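J.: Just one file: input_18.pdb, with PDB, C-alpha atoms, pLDDT in the B column.
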```pdb
ATOM      1  CA  MET A   1       3.377   8.474  12.857  1.00 95.00           C
ATOM      2  CA  ARG A   2      -0.313   8.848  12.028  1.00 97.00           C
ATOM      3  CA  MET A   3      -2.130   7.062   9.229  1.00 96.00           C
ATOM      4  CA  ARG A   4      -5.263   7.752   7.222  1.00 93.00           C
ATOM      5  CA  PHE A   5      -7.270   4.953   5.590  1.00 91.00           C
ATOM      6  CA  LEU A   6      -7.200   5.268   1.798  1.00 89.00           C
ATOM      7  CA  GLY A   7      -9.100   2.214   0.664  1.00 87.00           C
ATOM      8  CA  SER A   8      -9.385  -1.498   0.198  1.00 87.00           C
ATOM      9  CA  THR A   9     -10.675  -3.925  -2.411  1.00 80.00           C
ATOM     10  CA  SER A  10     -11.717  -6.365   0.285  1.00 73.00           C
ATOM     11  CA  GLU A  11     -15.060  -6.628   2.007  1.00 70.00           C
ATOM     12  CA  ALA A  12     -15.615  -5.902   5.714  1.00 65.00           C
ATOM     13  CA  GLY A  13     -12.383  -3.920   6.035  1.00 60.00           C
ATOM     14  CA  ALA A  14     -10.089  -6.895   5.535  1.00 65.00           C
ATOM     15  CA  CYS A  15      -6.788  -6.734   3.662  1.00 76.00           C
ATOM     16  CA  PRO A  16      -5.330  -5.635   1.406  1.00 87.00           C
ATOM     17  CA  THR A  17      -5.673  -2.046   2.515  1.00 89.00           C
ATOM     18  CA  LEU A  18      -3.666   1.097   1.832  1.00 90.00           C
ATOM     19  CA  TYR A  19      -3.000   3.966   4.242  1.00 91.00           C
ATOM     20  CA  GLU A  20      -1.327   7.339   3.801  1.00 90.00           C
ATOM     21  CA  THR A  21       0.977   8.546   6.571  1.00 94.00           C
ATOM     22  CA  ASP A  22       1.683  12.021   7.844  1.00 95.00           C
ATOM     23  CA  ARG A  23       5.250  11.435   6.629  1.00 94.00           C
ATOM     24  CA  GLY A  24       4.175  11.294   2.980  1.00 89.00           C
ATOM     25  CA  THR A  25       4.495   7.518   2.710  1.00 90.00           C
ATOM     26  CA  ILE A  26       2.046   4.692   2.011  1.00 89.00           C
ATOM     27  CA  VAL A  27       1.516   1.741   4.350  1.00 92.00           C
ATOM     28  CA  VAL A  28       0.268  -1.557   2.957  1.00 91.00           C
ATOM     29  CA  GLN A  29      -1.751  -3.969   5.084  1.00 91.00           C
ATOM     30  CA  GLY A  30      -2.102  -7.393   3.564  1.00 89.00           C
ATOM     31  CA  LEU A  31      -1.234 -11.026   3.573  1.00 89.00           C
ATOM     32  CA  GLN A  32       2.465 -11.772   3.638  1.00 91.00           C
ATOM     33  CA  VAL A  33       3.883 -13.427   0.523  1.00 94.00           C
ATOM     34  CA  THR A  34       5.168 -16.861   1.538  1.00 95.00           C
ATOM     35  CA  ASP A  35       5.729 -18.512  -1.852  1.00 96.00           C
ATOM     36  CA  ALA A  36       9.439 -19.444  -1.968  1.00 95.00           C
ATOM     37  CA  GLU A  37       9.771 -18.846  -5.729  1.00 96.00           C
ATOM     38  CA  ALA A  38       8.193 -15.404  -5.461  1.00 95.00           C
ATOM     39  CA  LEU A  39      10.370 -14.475  -2.484  1.00 94.00           C
ATOM     40  CA  ALA A  40      13.464 -15.528  -4.423  1.00 95.00           C
ATOM     41  CA  ASP A  41      12.622 -12.808  -6.984  1.00 96.00           C
ATOM     42  CA  LEU A  42      12.853 -10.020  -4.377  1.00 95.00           C
ATOM     43  CA  ARG A  43      15.959  -7.853  -4.268  1.00 96.00           C
ATOM     44  CA  ASP A  44      17.845  -6.486  -1.267  1.00 95.00           C
ATOM     45  CA  VAL A  45      15.339  -7.477   1.434  1.00 93.00           C
ATOM     46  CA  LEU A  46      16.449  -5.907   4.707  1.00 95.00           C
ATOM     47  CA  ASP A  47      15.813  -7.227   8.212  1.00 96.00           C
ATOM     48  CA  GLY A  48      12.266  -6.319   9.194  1.00 94.00           C
ATOM     49  CA  GLU A  49      11.000  -6.107   5.596  1.00 93.00           C
ATOM     50  CA  THR A  50       8.437  -8.387   4.036  1.00 92.00           C
ATOM     51  CA  ALA A  51       6.469  -8.614   0.793  1.00 94.00           C
ATOM     52  CA  VAL A  52       2.713  -8.000   0.678  1.00 92.00           C
ATOM     53  CA  GLU A  53       0.586  -8.768  -2.372  1.00 89.00           C
ATOM     54  CA  VAL A  54      -1.791  -6.011  -3.482  1.00 88.00           C
ATOM     55  CA  PRO A  55      -4.206  -6.099  -6.437  1.00 87.00           C
ATOM     56  CA  ARG A  56      -3.255  -3.683  -9.227  1.00 88.00           C
ATOM     57  CA  GLU A  57      -6.789  -2.234  -9.233  1.00 88.00           C
ATOM     58  CA  LEU A  58      -6.432  -1.134  -5.599  1.00 87.00           C
ATOM     59  CA  ILE A  59      -3.259   0.811  -6.361  1.00 87.00           C
ATOM     60  CA  THR A  60      -4.692   2.483  -9.462  1.00 87.00           C
ATOM     61  CA  GLU A  61      -7.956   3.393  -7.700  1.00 85.00           C
ATOM     62  CA  ILE A  62      -6.158   4.917  -4.723  1.00 85.00           C
ATOM     63  CA  ALA A  63      -3.765   6.784  -7.025  1.00 85.00           C
ATOM     64  CA  ARG A  64      -6.756   8.359  -8.793  1.00 84.00           C
ATOM     65  CA  ARG A  65      -8.243   9.491  -5.480  1.00 80.00           C
ATOM     66  CA  VAL A  66      -5.059  10.588  -3.709  1.00 75.00           C
ATOM     67  CA  LEU A  67      -3.419  12.256  -6.716  1.00 73.00           C
ATOM     68  CA  PRO A  68      -6.404  13.860  -8.454  1.00 64.00           C
ATOM     69  CA  SER A  69      -4.357  16.672  -9.986  1.00 64.00           C
ATOM     70  CA  GLY A  70      -1.920  14.226 -11.543  1.00 56.00           C
ATOM     71  CA  ASN A  71       1.015  16.284 -10.270  1.00 56.00           C
ATOM     72  CA  GLY A  72       2.417  13.542  -8.019  1.00 53.00           C
ATOM     73  CA  THR A  73       1.819  15.465  -4.803  1.00 57.00           C
ATOM     74  CA  PRO A  74      -0.584  13.810  -2.339  1.00 53.00           C
ATOM     75  CA  PRO A  75      -2.909  16.012  -0.289  1.00 54.00           C
ATOM     76  CA  ALA A  76      -1.932  16.686   3.319  1.00 57.00           C
ATOM     77  CA  ILE A  77      -3.317  14.503   6.081  1.00 55.00           C
ATOM     78  CA  GLY A  78      -5.652  16.483   8.333  1.00 51.00           C
TER      79      GLY A  78
END
```
Once more with this new file: its structure as structure tokens, please.
T.:
Amino acid sequence: MRMRFLGSTSEAGACPTLYETDRGTIVVQGLQVTDAEALADLRDVLDGETAVEVPRELITEIARRVLPSGNGTPPAIG
């Protein structure tokens, strides 16, 4: 799998950061959620899965850039 940097709201390239993969998925880099109450709200967490907190503004900004046509189809990774 290959990934392309989409953006971050952090300075100096720190997390949280979003990447687009050549498989049409999004990878999230960020700090793991460790709050027990928050983790108790998760559903159906499989082995190997974790929760990562991402600011809403990062998701909306990346969505505007990656899906400029508004048709729900991301551009291909070069």
J.: Which polymer residues, protein or nucleic acid, are no farther than 8 Å from (0.1, -6.5, 6.2), counting all atoms listed in the file, as a VMD selection string?
T.: chain A and resid 15 to 16 28 to 32 52
J.: Can I get the selected residues back with C-alpha atoms, as a PDB file, keeping the file's coordinate frame?
T.:
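That gives us selection15.pdb:
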```pdb
ATOM      1  CA  CYS A  15      -6.788  -6.734   3.662  1.00 76.00           C
ATOM      2  CA  PRO A  16      -5.330  -5.635   1.406  1.00 87.00           C
ATOM      3  CA  VAL A  28       0.268  -1.557   2.957  1.00 91.00           C
ATOM      4  CA  GLN A  29      -1.751  -3.969   5.084  1.00 91.00           C
ATOM      5  CA  GLY A  30      -2.102  -7.393   3.564  1.00 89.00           C
ATOM      6  CA  LEU A  31      -1.234 -11.026   3.573  1.00 89.00           C
ATOM      7  CA  GLN A  32       2.465 -11.772   3.638  1.00 91.00           C
ATOM      8  CA  VAL A  52       2.713  -8.000   0.678  1.00 92.00           C
TER       9      VAL A  52
END
```
J.: Which of these, A:Arg4, A:Glu11, A:Asp22, A:Thr17, has the shortest distance to Glu61 of chain A once you count all atoms listed in the file?
T.: A:Thr17
J.: To one decimal place, how far is atom CA of Glu20 of chain A from atom CA of Ala63 of chain A in Å?
T.: 11.1 Å
J.: Quick one: pull the distance between atom CA of Gly48 of chain A and atom CA of Asp35 of chain A, Å, one decimal.
T.: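 Distance between the two atoms: 17.7 Å.
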